[in-house]
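Presented below is the structure to which this report refers.
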Amino acid sequence: MTDNQNQPRDYDAVLGGQSPPPIDGVVLGGIEGIKRCLSNPVANVRIAALNEALKYGDAGLDVLIQALQDKSRLVQRFAYRVLKQRVEPQVIQALQTYKPWNLEERIDKYYVYKATQFANRQVVDFNPNISIIEPVNKAYALRCGDYEYYDEDLRRLVQEANEDNLLSQLNRLLQEPNADKLEALVFGLWPQAYERGSSSIVEALVNTKKYLTNLKAVFIGDIEPEECEISWIQQSDISPILQAYPQLEILQVRGGDGLHFSPPVRHNNLKTLIVETGGLSRDTVAQICNMNLPALEHLELWFGSEDYGGDCWVEDIHPILFENKFPNLTYLGLRNSQFTDEIVNAIVTSPIINSISVLDLSMGTLSDAGAEELLNCEAINYLDILNISESFLSEEMIEKLSGLDVRVLASNQKKEDDDSYIHGRYCSVAE
């Protein structure tokens with residue numbers, strides 16, 4: 001079914017030919033007039049009304065607090081920016097429960113080998129001798145053993161046993177009484193991950209969809225470097241998982257070699273797509289840009305190094321930045337990039353900077369020159385979080401950035417290396 005073309009978008013004129021009032025305009029009719037405006041289908045009209053709300057004391061504060069639940073991210077963020085300057089107890093309480101972004105785990109522990117957190121849940125290894133006790137609040141991990149250091153004949157036997165073991169773990173898990181309530185699954189190392197793709201896992205998940213009826217989050221490739229380096233991990237076509245699980249909300253994949261999404265891909269409920277690579281191809285990025293994901297709120301791409309297949313450049317992400325491909329994005333992570341300054345140059349002129357809450361440029365090659373462009377962009381102050389950790393910034397520049405009206409994360413700055421890709425700068429994760 002196509003979208004209703006008669007429905008107004010956030011910046012459209014009001015149906016009937018009326019234009020939305022300016023943000024500094026006057027809303028007539030007192031607090032009741034403001035409440036009437038908040039039922040208007042155009043976001044800018046609701047924002048204009050909220051701009052007047054504080055003139056009406058506690059009643060206006062209540063209106064702003066209610067606007068934190070507005071269907072439009074623009075309206076939510078406007079209300080949040082106004083309220084975060086206030087000290088009233090009801091405001092403080094409301095802001096404590098307001099989450100402009102839902103996956104805080106991606107800030108502090110974004111690259112943990114053998115993940116301890118996934119989809120806001122603690123990761124526990126599935127033990128066939130212990131029942132699935134918490135199918136909703138825990139993410140259960142399936143892994144096979146290490147086989148890298150065996151001789152050739154023994155390695156073959158161990159690989160075959162491990163493959164059977166991984167699939168048998170999944171089969172055993174499906175026999176649990178709570179399997180149909182399970183919400184999050186993590187898949188670790190599979191046999192010959194550096195030679196064989198993840199298609200066996202994808203196929204197994206598709207074949208078991210009738211048992212995992214409540215599955216909402218999947219992570220394929222939770223693999224340690226000692227098991228297989230990130231640039232060696234062979235992935236496959238992941239789109240069958242999206243087709244098999246229409247209620248899936250979070251999909252995380254580690255490894256870019258062989259990764260693709262066969263078109264056409266439409267998924268109405270996916271909220272988070274995370275692709276961690278040491279080298280992401282422009283073909284895969286193009287496939288992601290062509291996906292129809294109307295509910296997507298969190299998009300995180302690790303671009304990696306050209307030495308390991310990362311042949312993207314800033315033009316490849318223009319559809320994300322300039323074409324409103326994912327209109328409900330709250331978090332945009334363009335991470336682990338060799339061209340972070342070029343990303344900044346594009347994003348400060350992009351309409352997307354006016355609608356996202358979190359901009360994550362960490363692990364890349366951001367320099368003081370690129371950071372200066374961020375400083376000169378007024379819309380940066382409308383963000384909730386700017387993550388520029390693991391970049392190449394001077395202490396002076398970090399001090400300047402700390403003056404922005406936004407939570408700035410700038411830990412673990414790197415030092416330039418004469419042997420590195422661009423002017424001695426490098427992305428954090430490659431091989």
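Labeling convention for the structure tokens: chains A, B, ... as they appear, residues from 1 per chain, ligands from 1 in order of appearance.
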
Range 182-184 of chain A surroundings by only C-alpha atoms, 7 Å radius, close-in-sequence under 5 positions cut, as a list in words: Pro135, Val136, Ala139, Tyr140, Leu212, Asn214, Leu215, Lys216, Ala217 and Val218 of chain A

Those same residues - C-alpha atoms - I'd like them written as a compact mmCIF listing (two decimals), in the first residue's frame.
```txt
# COMPACT_ATOMS: atom_id res chain seq x y z
CA PRO A 135 13.11 -14.62 27.55
CA VAL A 136 12.19 -10.93 27.49
CA ALA A 139 19.56 -11.76 25.04
CA TYR A 140 20.61 -15.38 24.54
CA LEU A 212 10.43 -17.64 17.42
CA ASN A 214 8.24 -12.90 19.49
CA LEU A 215 11.77 -12.29 18.18
CA LYS A 216 12.56 -8.57 18.08
CA ALA A 217 16.38 -8.33 17.98
CA VAL A 218 19.09 -10.29 16.15
```

Nearby residues (only C-alpha atoms) at most 8 Å from Val344 in chain A, same-chain spacing under 5 positions excluded, as a ChimeraX atom specification: /A:370-371,373-374

Export N, CA, C and O atoms of the chosen residues as a JSON list (two decimals), in the first residue's frame?
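New file result-v7.json:
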```
[["chain", "number", "residue", "atom", "x", "y", "z"],
["A", 370, "GLY", "N", 37.55, 19.99, 10.46],
["A", 370, "GLY", "CA", 36.18, 19.50, 10.38],
["A", 370, "GLY", "C", 35.37, 19.93, 11.58],
["A", 370, "GLY", "O", 34.18, 20.29, 11.45],
["A", 371, "ALA", "N", 35.97, 19.89, 12.76],
["A", 371, "ALA", "CA", 35.27, 20.30, 13.98],
["A", 371, "ALA", "C", 34.89, 21.78, 13.94],
["A", 371, "ALA", "O", 33.86, 22.17, 14.50],
["A", 373, "GLU", "N", 33.84, 23.35, 11.39],
["A", 373, "GLU", "CA", 32.57, 23.43, 10.66],
["A", 373, "GLU", "C", 31.39, 23.10, 11.56],
["A", 373, "GLU", "O", 30.31, 23.68, 11.44],
["A", 374, "LEU", "N", 31.57, 22.14, 12.47],
["A", 374, "LEU", "CA", 30.52, 21.84, 13.43],
["A", 374, "LEU", "C", 30.24, 23.03, 14.33],
["A", 374, "LEU", "O", 29.09, 23.35, 14.63]]
```

From A:Ser231, A:Lys71, A:Ser281, A:Gly197, residue lying nearest Tyr308 in chain A [only C-alpha atoms]: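 Nearest candidate to Tyr308 in chain A out of A:Ser231, A:Lys71, A:Ser281, A:Gly197: A:Ser231.
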
Selection near range 186-188 of chain A, 8 Å with only C-alpha atoms, sequence-local residues under 2 positions removed, as a VMD selection string: chain A and resid 114 123 139 to 144 184 190 218 to 223

Could the residues in this selection be written to a file with C-alpha atoms, as a PDB file, in the first residue's frame?
```
ATOM      1  CA  LYS A 114      31.528 -11.096  23.022  1.00  0.00           C
ATOM      2  CA  VAL A 123      23.737 -11.141  26.982  1.00  0.00           C
ATOM      3  CA  ALA A 139      19.557 -11.760  25.042  1.00  0.00           C
ATOM      4  CA  TYR A 140      20.611 -15.385  24.537  1.00  0.00           C
ATOM      5  CA  ALA A 141      23.838 -16.105  22.648  1.00  0.00           C
ATOM      6  CA  LEU A 142      24.634 -19.186  20.557  1.00  0.00           C
ATOM      7  CA  ARG A 143      28.302 -19.894  19.859  1.00  0.00           C
ATOM      8  CA  CYS A 144      30.501 -22.718  18.600  1.00  0.00           C
ATOM      9  CA  ALA A 184      16.722 -11.245  21.429  1.00  0.00           C
ATOM     10  CA  TRP A 190      30.330 -20.093  12.974  1.00  0.00           C
ATOM     11  CA  VAL A 218      19.093 -10.291  16.151  1.00  0.00           C
ATOM     12  CA  PHE A 219      22.884  -9.871  16.177  1.00  0.00           C
ATOM     13  CA  ILE A 220      24.879 -11.912  13.645  1.00  0.00           C
ATOM     14  CA  GLY A 221      28.659 -11.907  14.079  1.00  0.00           C
ATOM     15  CA  ASP A 222      29.514 -11.389  17.740  1.00  0.00           C
ATOM     16  CA  ILE A 223      33.030 -12.665  17.031  1.00  0.00           C
TER      17      ILE A 223
END
```

Within 9 Å of Lys35 in chain A using only C-alpha atoms, minus same-chain residues under 5 positions, as a list in words: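 The filter keeps Gly30, Arg46, Ala49 and Val63 of chain A.
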
Those residues with N, CA and C atoms, as a tab-separated table (two decimals), in the first residue's frame please?
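The new file again_2.tsv reads:
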```tsv
chain	number	residue	atom	x	y	z
A	30	GLY	N	-5.30	32.16	24.10
A	30	GLY	CA	-4.75	31.73	25.37
A	30	GLY	C	-4.34	30.28	25.37
A	46	ARG	N	2.37	23.11	15.57
A	46	ARG	CA	2.43	22.67	16.98
A	46	ARG	C	3.65	23.30	17.68
A	49	ALA	N	2.92	26.85	18.62
A	49	ALA	CA	2.08	26.90	19.81
A	49	ALA	C	2.90	26.66	21.07
A	63	VAL	N	1.61	21.43	29.13
A	63	VAL	CA	1.49	21.25	27.68
A	63	VAL	C	2.84	20.84	27.07
```

Best match for closeness to Asn40 in chain A among A:Val75, A:Leu301, A:Ala115, A:Ala295, counting only C-alpha atoms: A:Val75

Closest of A:Val429, A:Leu270, A:Val91, A:Leu205 to Ile230 in chain A - atom-to-atom distances counting only C-alpha atoms: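 Closest to Ile230 in chain A, using only C-alpha atoms: A:Val429.
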
Residues near Glu399 in chain A, cut-off 12 Å, only C-alpha atoms, skip fewer than 6 positions along chain, as a count of residues only: 8

DSSP alpha helix (DSSP H) residues within range 144-291 of chain A, as an MDAnalysis selection string: chainID A and resid 152:174 199:207 239:244 282:289

Got time to write the residues from that selection, C-alpha atoms, as a PDB file, in the first residue's frame?
```pdb
ATOM      1  CA  GLU A 152      44.121 -29.692   8.892  1.00  0.00           C
ATOM      2  CA  ASP A 153      42.454 -33.097   9.338  1.00  0.00           C
ATOM      3  CA  LEU A 154      41.399 -32.451  12.914  1.00  0.00           C
ATOM      4  CA  ARG A 155      40.257 -28.953  12.022  1.00  0.00           C
ATOM      5  CA  ARG A 156      37.838 -30.354   9.423  1.00  0.00           C
ATOM      6  CA  LEU A 157      36.322 -32.726  11.960  1.00  0.00           C
ATOM      7  CA  VAL A 158      36.044 -30.005  14.602  1.00  0.00           C
ATOM      8  CA  GLN A 159      34.480 -27.614  12.095  1.00  0.00           C
ATOM      9  CA  GLU A 160      31.817 -30.154  11.211  1.00  0.00           C
ATOM     10  CA  ALA A 161      31.145 -30.873  14.871  1.00  0.00           C
ATOM     11  CA  ASN A 162      30.935 -27.174  15.652  1.00  0.00           C
ATOM     12  CA  GLU A 163      28.506 -26.550  12.833  1.00  0.00           C
ATOM     13  CA  ASP A 164      26.306 -29.321  14.106  1.00  0.00           C
ATOM     14  CA  ASN A 165      26.759 -27.926  17.605  1.00  0.00           C
ATOM     15  CA  LEU A 166      25.679 -24.415  16.629  1.00  0.00           C
ATOM     16  CA  LEU A 167      22.587 -25.644  14.811  1.00  0.00           C
ATOM     17  CA  SER A 168      21.844 -28.167  17.538  1.00  0.00           C
ATOM     18  CA  GLN A 169      22.018 -25.343  20.081  1.00  0.00           C
ATOM     19  CA  LEU A 170      19.385 -23.490  18.099  1.00  0.00           C
ATOM     20  CA  ASN A 171      17.247 -26.630  17.849  1.00  0.00           C
ATOM     21  CA  ARG A 172      17.649 -27.244  21.572  1.00  0.00           C
ATOM     22  CA  LEU A 173      16.722 -23.657  22.332  1.00  0.00           C
ATOM     23  CA  LEU A 174      13.535 -24.046  20.272  1.00  0.00           C
ATOM     24  CA  SER A 199      23.982 -18.030   5.077  1.00  0.00           C
ATOM     25  CA  SER A 200      23.548 -21.152   7.247  1.00  0.00           C
ATOM     26  CA  ILE A 201      22.541 -18.951  10.187  1.00  0.00           C
ATOM     27  CA  VAL A 202      20.224 -16.880   8.010  1.00  0.00           C
ATOM     28  CA  GLU A 203      18.632 -20.025   6.592  1.00  0.00           C
ATOM     29  CA  ALA A 204      18.224 -21.565  10.046  1.00  0.00           C
ATOM     30  CA  LEU A 205      16.545 -18.420  11.349  1.00  0.00           C
ATOM     31  CA  VAL A 206      14.176 -18.313   8.396  1.00  0.00           C
ATOM     32  CA  ASN A 207      13.284 -21.980   8.852  1.00  0.00           C
ATOM     33  CA  SER A 239      17.396  -9.620   3.848  1.00  0.00           C
ATOM     34  CA  PRO A 240      15.631 -13.024   4.270  1.00  0.00           C
ATOM     35  CA  ILE A 241      15.677 -12.401   8.037  1.00  0.00           C
ATOM     36  CA  LEU A 242      13.764  -9.161   7.543  1.00  0.00           C
ATOM     37  CA  GLN A 243      11.247 -10.919   5.335  1.00  0.00           C
ATOM     38  CA  ALA A 244      10.805 -13.791   7.813  1.00  0.00           C
ATOM     39  CA  ARG A 282      29.601   1.334  -1.678  1.00  0.00           C
ATOM     40  CA  ASP A 283      27.354  -1.358  -3.182  1.00  0.00           C
ATOM     41  CA  THR A 284      26.170  -2.387   0.290  1.00  0.00           C
ATOM     42  CA  VAL A 285      25.617   1.257   1.236  1.00  0.00           C
ATOM     43  CA  ALA A 286      23.547   1.740  -1.914  1.00  0.00           C
ATOM     44  CA  GLN A 287      21.437  -1.286  -0.984  1.00  0.00           C
ATOM     45  CA  ILE A 288      20.877   0.130   2.508  1.00  0.00           C
ATOM     46  CA  CYS A 289      19.881   3.491   1.026  1.00  0.00           C
TER      47      CYS A 289
END
```
